[in-house]
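Next up, target_2.txt (compact mmCIF, C-alpha atoms and all ligand atoms):
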```
# COMPACT_ATOMS: atom_id res chain seq x y z
CA MET O 1305 0.00 0.00 0.00
CA ILE O 1306 1.20 3.49 -0.78
CA ALA O 1307 1.28 5.87 2.12
CA SER O 1308 -0.54 9.09 1.46
CA ASN O 1309 -1.89 11.97 3.43
CA ASP O 1310 -4.12 14.90 2.63
CA ARG O 1311 -1.34 17.30 1.91
CA TYR O 1312 0.95 15.00 -0.03
CA ASP O 1313 -0.98 12.74 -2.35
CA ILE O 1314 1.73 10.23 -3.17
CA ALA O 1315 -0.62 7.90 -5.05
CA ARG O 1316 -1.59 10.68 -7.43
CA ILE O 1317 2.02 11.76 -7.81
CA ARG O 1318 3.14 8.25 -8.69
CA ARG O 1319 0.52 8.01 -11.41
CA ASP O 1320 2.22 10.97 -13.11
CA PHE O 1321 5.38 8.91 -13.70
CA PRO O 1322 4.76 6.22 -16.33
CA ILE O 1323 8.10 4.47 -15.72
CA LEU O 1324 7.13 3.63 -12.14
CA ASP O 1325 4.70 1.04 -13.55
CA ARG O 1326 7.43 -1.09 -15.01
CA GLU O 1327 9.06 -4.15 -13.58
CA VAL O 1328 12.73 -5.05 -13.42
CA HIS O 1329 13.75 -8.69 -13.14
CA GLY O 1330 10.10 -9.55 -12.66
CA ARG O 1331 9.67 -7.25 -9.67
CA PRO O 1332 8.12 -3.81 -9.31
CA LEU O 1333 10.69 -1.10 -9.87
CA VAL O 1334 11.85 0.61 -6.69
CA TYR O 1335 13.81 3.56 -8.03
CA LEU O 1336 16.16 4.98 -5.41
CA ASP O 1337 18.80 6.54 -7.66
CA ASN O 1338 17.32 10.01 -7.84
CA ALA O 1339 20.55 11.82 -6.99
CA ALA O 1340 22.01 10.45 -10.23
CA THR O 1341 18.96 11.34 -12.27
CA SER O 1342 15.27 11.46 -11.51
CA GLN O 1343 12.37 10.02 -13.50
CA LYS O 1344 10.17 12.26 -15.64
CA PRO O 1345 6.51 13.04 -15.14
CA ARG O 1346 4.10 12.78 -18.04
CA ALA O 1347 3.92 16.59 -18.21
CA VAL O 1348 7.63 16.77 -19.10
CA ILE O 1349 7.53 13.88 -21.55
CA ASP O 1350 4.44 15.31 -23.26
CA THR O 1351 5.91 18.81 -23.48
CA GLU O 1352 9.01 17.51 -25.24
CA LEU O 1353 6.89 15.36 -27.55
CA ARG O 1354 4.57 18.27 -28.32
CA TYR O 1355 7.53 20.48 -29.10
CA TYR O 1356 8.83 18.05 -31.74
CA ARG O 1357 5.36 17.34 -33.09
CA THR O 1358 4.19 20.89 -33.45
CA MET O 1359 6.91 23.53 -33.45
CA ASN O 1360 10.39 22.11 -34.00
CA ALA O 1361 12.62 24.72 -35.66
CA ASN O 1362 15.88 26.46 -34.94
CA ILE O 1363 15.55 29.46 -32.66
CA HIS O 1364 16.50 33.15 -32.72
CA ARG O 1365 17.27 33.28 -36.42
CA GLY O 1366 14.15 32.34 -38.31
CA VAL O 1367 11.45 34.67 -39.54
CA HIS O 1368 9.04 31.83 -40.16
CA LEU O 1369 6.27 30.99 -37.71
CA LEU O 1370 7.70 27.73 -36.40
CA SER O 1371 10.99 29.41 -35.54
CA GLN O 1372 9.16 32.20 -33.77
CA GLU O 1373 7.06 29.75 -31.78
CA ALA O 1374 10.10 27.68 -30.83
CA THR O 1375 11.98 30.84 -29.84
CA ASP O 1376 9.05 32.05 -27.74
CA ALA O 1377 8.75 28.69 -25.96
CA TYR O 1378 12.50 28.54 -25.29
CA GLU O 1379 12.63 32.10 -24.01
CA ALA O 1380 9.50 31.55 -21.90
CA SER O 1381 11.38 28.71 -20.28
CA ARG O 1382 14.27 31.04 -19.49
CA GLU O 1383 11.79 33.32 -17.76
CA ARG O 1384 10.44 30.28 -15.88
CA VAL O 1385 13.95 29.44 -14.65
CA ARG O 1386 14.43 33.07 -13.63
CA ARG O 1387 11.31 32.91 -11.46
CA PHE O 1388 12.32 29.50 -10.08
CA LEU O 1389 15.62 30.91 -8.84
CA ASN O 1390 14.21 34.37 -8.16
CA ALA O 1391 16.91 35.98 -10.27
CA ALA O 1392 16.45 39.69 -10.83
CA ARG O 1393 16.74 39.57 -14.64
CA ARG O 1394 16.26 36.99 -17.38
CA GLU O 1395 19.65 38.00 -18.86
CA GLU O 1396 21.17 36.38 -15.78
CA ILE O 1397 20.00 32.90 -16.83
CA VAL O 1398 22.34 31.12 -19.23
CA PHE O 1399 21.17 27.79 -20.62
CA VAL O 1400 23.83 25.08 -20.48
CA ARG O 1401 23.95 21.29 -20.72
CA GLY O 1402 23.94 20.96 -16.96
CA ALA O 1403 25.76 21.77 -13.75
CA THR O 1404 29.06 20.43 -15.06
CA GLU O 1405 29.03 22.67 -18.10
CA ALA O 1406 27.98 25.68 -16.03
CA ILE O 1407 30.93 25.28 -13.65
CA ASN O 1408 33.30 24.80 -16.58
CA LEU O 1409 31.92 27.96 -18.15
CA VAL O 1410 32.62 30.02 -15.04
CA ALA O 1411 36.08 28.48 -14.57
CA ALA O 1412 36.97 29.07 -18.22
CA SER O 1413 35.55 32.57 -18.50
CA TYR O 1414 35.58 34.26 -15.10
CA GLY O 1415 38.72 32.26 -14.40
CA GLN O 1416 40.65 34.21 -17.03
CA ARG O 1417 41.21 36.98 -14.52
CA LEU O 1418 43.03 34.69 -12.08
CA LYS O 1419 46.79 34.99 -11.81
CA SER O 1420 49.59 33.03 -10.30
CA GLY O 1421 49.29 32.98 -6.53
CA ASP O 1422 45.53 33.61 -6.50
CA GLU O 1423 43.44 31.02 -4.69
CA VAL O 1424 40.27 29.05 -5.31
CA LEU O 1425 38.55 27.62 -2.25
CA ILE O 1426 36.38 24.51 -2.45
CA THR O 1427 35.33 21.91 0.14
CA ALA O 1428 36.20 18.28 0.72
CA MET O 1429 32.65 17.17 -0.11
CA GLU O 1430 32.54 18.37 -3.72
CA HIS O 1431 31.44 16.37 -6.75
CA HIS O 1432 34.23 15.97 -9.30
CA SER O 1433 32.39 18.56 -11.41
CA ASN O 1434 33.17 21.16 -8.77
CA ILE O 1435 36.79 20.07 -8.34
CA VAL O 1436 38.30 19.31 -11.73
CA PRO O 1437 37.32 22.54 -13.58
CA TRP O 1438 39.07 24.48 -10.79
CA GLN O 1439 42.10 22.21 -10.96
CA LEU O 1440 42.31 22.86 -14.70
CA LEU O 1441 42.01 26.58 -14.04
CA CYS O 1442 44.75 26.42 -11.41
CA GLU O 1443 47.01 24.58 -13.86
CA ARG O 1444 46.40 27.24 -16.51
CA SER O 1445 46.73 30.26 -14.26
CA GLY O 1446 49.14 29.22 -11.53
CA ALA O 1447 46.41 29.74 -8.94
CA VAL O 1448 46.27 27.47 -5.91
CA LEU O 1449 43.37 25.20 -4.95
CA ARG O 1450 42.46 25.19 -1.25
CA VAL O 1451 40.12 22.62 0.26
CA ALA O 1452 38.08 23.16 3.44
CA SER O 1453 37.75 20.00 5.51
CA ILE O 1454 34.70 18.08 6.68
CA ASN O 1455 34.07 16.32 9.99
CA ASP O 1456 33.17 12.68 10.69
CA ALA O 1457 29.48 13.41 10.19
CA GLY O 1458 30.20 14.83 6.75
CA GLU O 1459 29.58 18.43 7.78
CA LEU O 1460 31.76 21.25 6.58
CA ASN O 1461 34.23 22.53 9.19
CA LEU O 1462 33.31 26.19 9.17
CA THR O 1463 36.53 27.12 10.95
CA SER O 1464 38.54 25.40 8.22
CA PHE O 1465 36.55 27.27 5.56
CA GLU O 1466 37.01 30.58 7.32
CA HIS O 1467 40.68 29.92 7.98
CA LEU O 1468 41.37 29.17 4.31
CA LEU O 1469 39.60 32.28 3.09
CA GLY O 1470 42.23 34.92 2.65
CA PRO O 1471 43.15 38.04 0.71
CA ARG O 1472 44.19 35.87 -2.26
CA THR O 1473 40.94 33.90 -2.46
CA ARG O 1474 39.30 34.95 -5.72
CA ILE O 1475 36.62 32.26 -5.99
CA ALA O 1476 34.85 30.14 -3.40
CA ALA O 1477 32.90 27.24 -4.92
CA PHE O 1478 30.88 24.82 -2.84
CA THR O 1479 27.93 22.53 -3.07
CA HIS O 1480 24.55 23.43 -1.63
CA ILE O 1481 23.77 19.75 -0.91
CA SER O 1482 26.35 16.97 -1.09
CA ASN O 1483 25.48 14.20 -3.53
CA ALA O 1484 27.56 11.60 -1.68
CA LEU O 1485 26.60 12.47 1.91
CA GLY O 1486 23.35 14.40 1.74
CA THR O 1487 24.80 17.22 3.86
CA ILE O 1488 22.99 20.54 3.46
CA ASN O 1489 25.54 23.31 3.69
CA PRO O 1490 24.82 26.63 5.42
CA VAL O 1491 25.25 28.39 2.08
CA ARG O 1492 24.03 31.81 3.18
CA GLU O 1493 26.64 31.92 5.93
CA LEU O 1494 29.39 30.63 3.62
CA ILE O 1495 28.53 33.23 0.99
CA GLU O 1496 28.72 36.01 3.58
CA MET O 1497 32.08 34.77 4.78
CA ALA O 1498 33.46 34.58 1.25
CA HIS O 1499 32.11 38.01 0.32
CA ALA O 1500 33.60 39.53 3.46
CA ASN O 1501 36.93 38.37 2.06
CA GLY O 1502 36.25 39.76 -1.40
CA ALA O 1503 35.80 36.38 -3.16
CA VAL O 1504 33.08 35.65 -5.67
CA VAL O 1505 30.94 32.62 -4.90
CA LEU O 1506 29.68 29.79 -7.06
CA VAL O 1507 27.10 27.48 -5.50
CA ASP O 1508 26.67 24.03 -7.00
CA GLY O 1509 22.93 23.47 -6.77
CA ALA O 1510 22.78 20.20 -8.70
CA GLN O 1511 21.35 18.34 -5.69
CA ALA O 1512 19.57 21.29 -4.12
CA ALA O 1513 17.33 22.45 -6.96
CA PRO O 1514 15.05 19.37 -6.71
CA HIS O 1515 14.81 19.49 -2.90
CA ALA O 1516 15.08 23.04 -1.62
CA ARG O 1517 13.67 26.44 -2.46
CA VAL O 1518 16.42 28.56 -3.97
CA ASP O 1519 16.40 32.35 -3.97
CA VAL O 1520 19.60 33.61 -5.54
CA GLN O 1521 18.88 37.20 -4.52
CA ALA O 1522 18.35 36.27 -0.87
CA LEU O 1523 21.45 34.07 -0.98
CA ASP O 1524 23.38 36.83 -2.75
CA CYS O 1525 25.52 34.19 -4.51
CA ASP O 1526 27.38 35.32 -7.62
CA PHE O 1527 26.78 32.12 -9.58
CA TYR O 1528 24.34 29.26 -9.04
CA VAL O 1529 24.20 26.15 -11.22
CA PHE O 1530 21.80 23.23 -11.63
CA SER O 1531 20.90 20.40 -14.01
CA GLY O 1532 17.40 19.82 -15.39
CA HIS O 1533 17.60 16.04 -15.29
CA LYS O 1534 17.84 15.87 -11.50
CA LEU O 1535 14.82 18.16 -11.28
CA TYR O 1536 12.50 15.71 -13.08
CA GLY O 1537 13.34 17.45 -16.37
CA PRO O 1538 15.21 16.36 -19.49
CA THR O 1539 18.89 15.47 -19.73
CA GLY O 1540 21.22 17.83 -21.56
CA ILE O 1541 19.73 21.05 -20.21
CA GLY O 1542 20.50 23.08 -17.12
CA ALA O 1543 21.11 26.64 -16.09
CA LEU O 1544 23.82 28.94 -14.90
CA TYR O 1545 22.65 31.93 -12.90
CA GLY O 1546 25.19 34.74 -12.76
CA LYS O 1547 24.92 38.32 -11.56
CA ALA O 1548 24.55 40.48 -14.67
CA ARG O 1549 27.40 42.72 -13.59
CA LEU O 1550 29.79 39.75 -13.55
CA LEU O 1551 28.49 38.02 -16.66
CA ASP O 1552 28.72 41.30 -18.55
CA ALA O 1553 32.40 41.67 -17.75
CA MET O 1554 33.24 38.05 -18.58
CA PRO O 1555 34.59 37.01 -21.99
CA PRO O 1556 32.75 34.37 -24.03
CA TRP O 1557 33.97 30.83 -23.47
CA GLN O 1558 32.83 29.18 -26.70
CA GLY O 1559 32.60 30.74 -30.13
CA GLY O 1560 30.01 30.05 -32.79
CA GLY O 1561 26.56 31.00 -33.97
CA ASP O 1562 24.24 33.06 -31.79
CA MET O 1563 26.93 34.36 -29.42
CA ILE O 1564 28.11 37.07 -31.82
CA ARG O 1565 26.84 40.48 -32.85
CA GLU O 1566 29.11 40.88 -35.87
CA VAL O 1567 31.82 38.74 -37.39
CA SER O 1568 34.59 39.78 -39.71
CA PHE O 1569 38.00 38.27 -40.29
CA ASN O 1570 39.57 41.16 -38.44
CA LYS O 1571 37.40 41.16 -35.38
CA SER O 1572 34.16 39.81 -33.98
CA THR O 1573 31.91 41.36 -31.39
CA TRP O 1574 29.68 39.65 -28.87
CA ASN O 1575 25.96 39.34 -28.46
CA ASP O 1576 24.11 40.62 -25.39
CA LEU O 1577 23.55 38.55 -22.28
CA PRO O 1578 22.79 35.73 -22.01
CA TYR O 1579 23.44 34.82 -25.65
CA LYS O 1580 27.13 35.71 -25.41
CA PHE O 1581 27.50 32.42 -23.53
CA GLU O 1582 25.21 30.31 -25.71
CA ALA O 1583 27.14 29.39 -28.85
CA GLY O 1584 25.52 27.00 -31.30
CA THR O 1585 22.12 25.37 -31.46
CA PRO O 1586 21.06 24.48 -27.93
CA ASN O 1587 18.87 21.70 -26.56
CA ILE O 1588 15.70 23.53 -27.52
CA ALA O 1589 13.26 20.73 -26.73
CA GLY O 1590 14.97 20.16 -23.41
CA GLY O 1591 14.82 23.84 -22.57
CA VAL O 1592 11.13 23.98 -23.34
CA ALA O 1593 10.39 20.86 -21.29
CA LEU O 1594 12.48 22.13 -18.36
CA SER O 1595 9.79 24.68 -17.65
CA ALA O 1596 7.23 21.84 -17.42
CA ALA O 1597 9.46 20.17 -14.83
CA ILE O 1598 9.69 23.37 -12.80
CA ASP O 1599 5.91 23.81 -13.00
CA TYR O 1600 5.54 20.23 -11.80
CA VAL O 1601 7.74 20.51 -8.71
CA GLU O 1602 6.40 23.93 -7.81
CA ASP O 1603 2.82 22.66 -8.07
CA ILE O 1604 3.64 20.09 -5.41
CA GLY O 1605 5.78 22.61 -3.54
CA LEU O 1606 9.45 22.32 -2.70
CA ASP O 1607 8.78 22.52 1.03
CA ALA O 1608 6.30 19.65 0.77
CA ILE O 1609 8.80 17.63 -1.28
CA ALA O 1610 11.58 18.25 1.23
CA GLY O 1611 9.26 17.25 4.08
CA HIS O 1612 8.25 14.05 2.30
CA GLU O 1613 11.83 13.09 1.54
CA ASN O 1614 12.86 13.82 5.10
CA ASP O 1615 10.16 11.43 6.25
CA LEU O 1616 11.71 8.74 4.05
CA LEU O 1617 15.16 9.51 5.44
CA ILE O 1618 13.86 9.13 9.00
CA ARG O 1619 12.35 5.78 8.03
CA ALA O 1620 15.66 4.65 6.51
CA ASN O 1621 17.57 5.72 9.62
CA GLU O 1622 15.13 3.80 11.83
CA ARG O 1623 15.51 0.66 9.73
CA ALA O 1624 19.29 1.08 9.61
CA ALA O 1625 19.59 1.46 13.39
CA ASP O 1626 18.82 -2.22 13.97
CA PHE O 1627 20.40 -3.60 10.80
CA PRO O 1628 23.56 -5.50 11.80
CA GLY O 1629 26.78 -4.38 10.16
CA LEU O 1630 25.34 -1.34 8.39
CA ARG O 1631 27.34 1.87 8.72
CA PRO O 1632 25.79 5.09 7.39
CA ILE O 1633 28.26 7.43 5.67
CA GLY O 1634 27.13 11.01 6.15
CA THR O 1635 25.19 11.75 9.31
CA ALA O 1636 25.00 15.53 9.19
CA LYS O 1637 22.36 17.19 11.37
CA ASP O 1638 21.04 19.07 8.37
CA LYS O 1639 20.60 16.45 5.68
CA ALA O 1640 18.63 15.84 2.49
CA GLY O 1641 17.12 12.50 1.46
CA ILE O 1642 20.36 10.78 0.57
CA PHE O 1643 21.20 7.61 2.46
CA SER O 1644 24.77 6.42 1.85
CA PHE O 1645 26.11 3.38 3.66
CA VAL O 1646 28.46 0.41 3.72
CA LEU O 1647 27.75 -3.09 4.94
CA ASP O 1648 30.40 -5.11 6.81
CA GLY O 1649 32.07 -7.73 4.65
CA VAL O 1650 30.16 -7.05 1.41
CA HIS O 1651 31.44 -4.87 -1.41
CA PRO O 1652 28.97 -2.12 -2.41
CA HIS O 1653 28.95 -3.34 -6.02
CA ASP O 1654 27.81 -6.80 -4.90
CA ILE O 1655 25.10 -5.18 -2.80
CA GLY O 1656 23.97 -3.11 -5.78
CA THR O 1657 23.80 -6.18 -8.02
CA ILE O 1658 21.67 -8.15 -5.58
CA LEU O 1659 19.42 -5.17 -4.89
CA ASP O 1660 18.90 -4.81 -8.62
CA LEU O 1661 17.76 -8.42 -8.86
CA GLU O 1662 15.25 -7.58 -6.13
CA GLY O 1663 13.98 -4.65 -8.20
CA VAL O 1664 15.71 -1.96 -6.13
CA ALA O 1665 17.79 0.54 -8.12
CA VAL O 1666 20.50 2.24 -6.06
CA ARG O 1667 23.87 3.67 -6.96
CA THR O 1668 27.09 2.06 -5.82
CA GLY O 1669 30.57 3.46 -6.25
CA HIS O 1670 32.34 6.69 -5.45
CA HIS O 1671 29.49 8.89 -6.71
CA CYS O 1672 31.96 11.16 -8.53
CA ALA O 1673 33.25 12.19 -5.11
CA MET O 1674 36.43 10.17 -4.69
CA PRO O 1675 37.87 12.54 -2.06
CA VAL O 1676 34.77 11.94 0.10
CA MET O 1677 35.37 8.18 -0.09
CA GLY O 1678 39.00 8.79 0.93
CA ARG O 1679 37.88 10.94 3.87
CA PHE O 1680 35.70 8.10 5.19
CA GLY O 1681 38.22 5.36 4.38
CA VAL O 1682 35.94 3.41 2.05
CA PRO O 1683 36.39 2.62 -1.65
CA ALA O 1684 32.70 3.08 -2.36
CA THR O 1685 29.28 3.27 -0.74
CA VAL O 1686 25.76 2.19 -1.55
CA ARG O 1687 23.58 5.25 -2.02
CA ALA O 1688 19.81 5.27 -1.87
CA SER O 1689 18.55 8.70 -2.82
CA PHE O 1690 14.91 9.60 -2.42
CA GLY O 1691 12.71 11.52 -4.80
CA LEU O 1692 9.28 13.06 -4.56
CA TYR O 1693 7.53 9.84 -5.69
CA ASN O 1694 9.21 7.38 -3.32
CA THR O 1695 7.25 5.76 -0.52
CA ARG O 1696 7.87 4.36 2.93
CA ASP O 1697 7.09 0.95 1.50
CA GLU O 1698 9.94 1.40 -0.93
CA VAL O 1699 12.30 2.18 1.94
CA ASP O 1700 11.11 -1.05 3.54
CA ALA O 1701 11.68 -2.85 0.21
CA LEU O 1702 15.27 -1.60 0.27
CA PHE O 1703 15.82 -3.12 3.70
CA ALA O 1704 14.07 -6.37 2.75
CA ALA O 1705 16.45 -6.60 -0.21
CA LEU O 1706 19.40 -5.87 2.09
CA ARG O 1707 18.35 -8.80 4.26
CA ARG O 1708 18.54 -10.89 1.09
CA VAL O 1709 22.12 -9.62 0.61
CA LYS O 1710 22.91 -10.76 4.15
CA GLU O 1711 21.53 -14.24 3.38
CA VAL O 1712 23.62 -14.54 0.23
CA PHE O 1713 26.80 -13.48 2.04
CA ALA O 1714 26.09 -15.30 5.33
N1 LIG K 1801 27.31 18.58 -8.64
C1 LIG K 1801 26.68 17.69 -7.87
C2 LIG K 1801 26.56 17.93 -6.40
C3 LIG K 1801 26.12 16.55 -8.44
O1 LIG K 1801 25.48 15.66 -7.69
C4 LIG K 1801 26.23 16.36 -9.84
C5 LIG K 1801 25.72 15.13 -10.47
O2 LIG K 1801 25.58 14.12 -9.86
C6 LIG K 1801 26.89 17.34 -10.59
C7 LIG K 1801 27.42 18.44 -9.96
C8 LIG K 1801 27.02 17.22 -12.07
O3 LIG K 1801 25.78 17.25 -12.67
P1 LIG K 1801 25.63 16.97 -14.23
O4 LIG K 1801 26.28 15.63 -14.47
O5 LIG K 1801 24.16 16.94 -14.44
O6 LIG K 1801 26.32 18.05 -14.95
```

Show this structure as structure tokens.
Amino acid sequence: MIASNDRYDIARIRRDFPILDREVHGRPLVYLDNAATSQKPRAVIDTELRYYRTMNANIHRGVHLLSQEATDAYEASRERVRRFLNAARREEIVFVRGATEAINLVAASYGQRLKSGDEVLITAMEHHSNIVPWQLLCERSGAVLRVASINDAGELNLTSFEHLLGPRTRIAAFTHISNALGTINPVRELIEMAHANGAVVLVDGAQAAPHARVDVQALDCDFYVFSGHKLYGPTGIGALYGKARLLDAMPPWQGGGDMIREVSFNKSTWNDLPYKFEAGTPNIAGGVALSAAIDYVEDIGLDAIAGHENDLLIRANERAADFPGLRPIGTAKDKAGIFSFVLDGVHPHDIGTILDLEGVAVRTGHHCAMPVMGRFGVPATVRASFGLYNTRDEVDALFAALRRVKEVFA
């Protein structure tokens, strides 16, 4: 039976996701890999289908009706993202492939002003996407990468962060919610600390956008990035928010169509924001369908979603407390619905394989956060990550399948 209450109609929500009806290995699918990517509601699938069926054309350049309709839909989606993040201006929303591309854009473009001896500050809980672009920048510029430490619960050591912020820190980049640990960072406080030291701040919102209300003006971050596919939207589309003042002063990072005003062999000039950063034909259908995903989550309400997922996390913690040999990795006080763990004597990959045969889809491995694994002294973890459509029964199914793992490895 699916748990439901008046305010959060989980049965209705689940009916919106066609894939949840399928079976894997002859068992009902229990999809607990939402931190990697989430499933798509019918509204998103239908929007993308409708786009291709009725208005597909290239945008911004055509005078014909289809091109105008496609352009309007794409630009309406930009406005939708602006409202979602509460950015002040639509020019501050740059469409990208996802969080990874957004961080690379900032590192490549804003990063051009960094010089030898400057510093970039990140944290020990970052996804590789928020580590490697900065490493590449440091290699190019001679800047130095500093890393603030985390404690045994997987919380950021604020004293370490503050200590490493100095007069040479140009950029502070940190995750809003850790994908490997579930830790929710006190981003407002971190942003204030970084700004007090004169650094610009990039917040990696890949895990936060689907679970928390984001207000970039209230946060006062300089850059905020997220991926559509973790927000119940399409793959290959995401957004970079940047303060107009900063984006304006930044050079383009890729050249091509749409990002120029005029081109000659002597010199080219750049288009206005945000197009200066959008070279080439984008993922138009994905952009259009992203707005359907945002409508979907906002209809349910991000607070309601966070509350529901927290309920599932509590259930998982209760079940884990009396499960022999299970060690949770990431026990921060402020945590999103990500439940990472190891089991004595069984490799996470073996656990994942057996869970899959039981119909339970989880992620096993380093979760693109190898330094986090190193910090906790494990090669990998099993990660169950909850989404808005998961149920308490599915958490119980996870633990029933884990008991099966125990039997196999007894
Ligand atoms: N940052 C975090 C915290 C993530 O969890 C992920 C993906 O798992 C990324 C960045 C990269 O996102 P994408 O692969 O969609 O670019």

(request) Please give me, as JSON, numbers by chain, the residues lying within 7 Å of ligand LIG 1801 (chain K) when counting only C-alpha atoms and all ligand atoms. (result) {"O": [1339, 1340, 1402, 1403, 1404, 1405, 1430, 1431, 1433, 1434, 1479, 1481, 1482, 1483, 1508, 1509, 1510, 1511, 1531, 1533]}

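Atom CA of O:Pro1490 is positioned 9.0 Å from atom CA of O:Asp1638.
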
(request) Kindly indicate which residue among O:Ile1658, O:Ala1412, O:Leu1468, O:Leu1647 lies nearest to O:Phe1627, using all atoms listed in the file for the distances. (result)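 When distances to O:Phe1627 are compared using all atoms listed in the file, the smallest one comes from O:Leu1647.
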
(request) Return the single residue from O:Arg1474, O:His1364, O:Arg1417, O:His1480 that is closest to O:Met1563, with distances computed using only C-alpha atoms. (result)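 Under the stated criterion, the closest residue is O:His1364.
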
(request) Using all atoms listed in the file, determine which residues lie at most 12 Å from O:Ile1435, disregarding the query and same-chain residues fewer than 6 positions distant; provide the list as a PyMOL selection string. (result) chain O and resi 1404+1407-1408+1411+1424-1429+1441-1442+1449-1451+1476-1479+1508+1672-1676

Dump as a Markdown table the rows for residues of stretch 1585-1651 of chain O within 10 Å of stretch 1697-1710 of chain O: closest atom pair and distance in Å with one decimal, all atoms listed in the file counted, ordered by chain and rising residue number.
```
| residue | atom | partner | partner_atom | distance |
| --- | --- | --- | --- | --- |
| O:Leu1616 | CA | O:Val1699 | CA | 6.9 |
| O:Leu1617 | CA | O:Val1699 | CA | 8.6 |
| O:Arg1619 | CA | O:Val1699 | CA | 7.1 |
| O:Ala1620 | CA | O:Val1699 | CA | 6.2 |
| O:Asn1621 | CA | O:Val1699 | CA | 10.0 |
| O:Arg1623 | CA | O:Phe1703 | CA | 7.1 |
| O:Ala1624 | CA | O:Phe1703 | CA | 8.0 |
| O:Phe1627 | CA | O:Phe1703 | CA | 8.5 |
| O:Pro1628 | CA | O:Lys1710 | CA | 9.3 |
| O:Gly1629 | CA | O:Lys1710 | CA | 9.6 |
| O:Leu1630 | CA | O:Leu1706 | CA | 9.8 |
| O:Leu1647 | CA | O:Lys1710 | CA | 9.1 |
| O:Asp1648 | CA | O:Lys1710 | CA | 9.8 |
| O:Gly1649 | CA | O:Lys1710 | CA | 9.7 |
| O:Val1650 | CA | O:Val1709 | CA | 8.5 |
```

(message) Need the shell around O:Asp1320: protein/DNA/RNA residues with any atom at most 9 Å away, counting all atoms listed in the file. Skip same-chain ones fewer than 5 positions apart. Format as a list in words?
(response)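 Here the qualifying residues turn out to be Lys1344, Pro1345, Arg1346 and Ala1347 of chain O.
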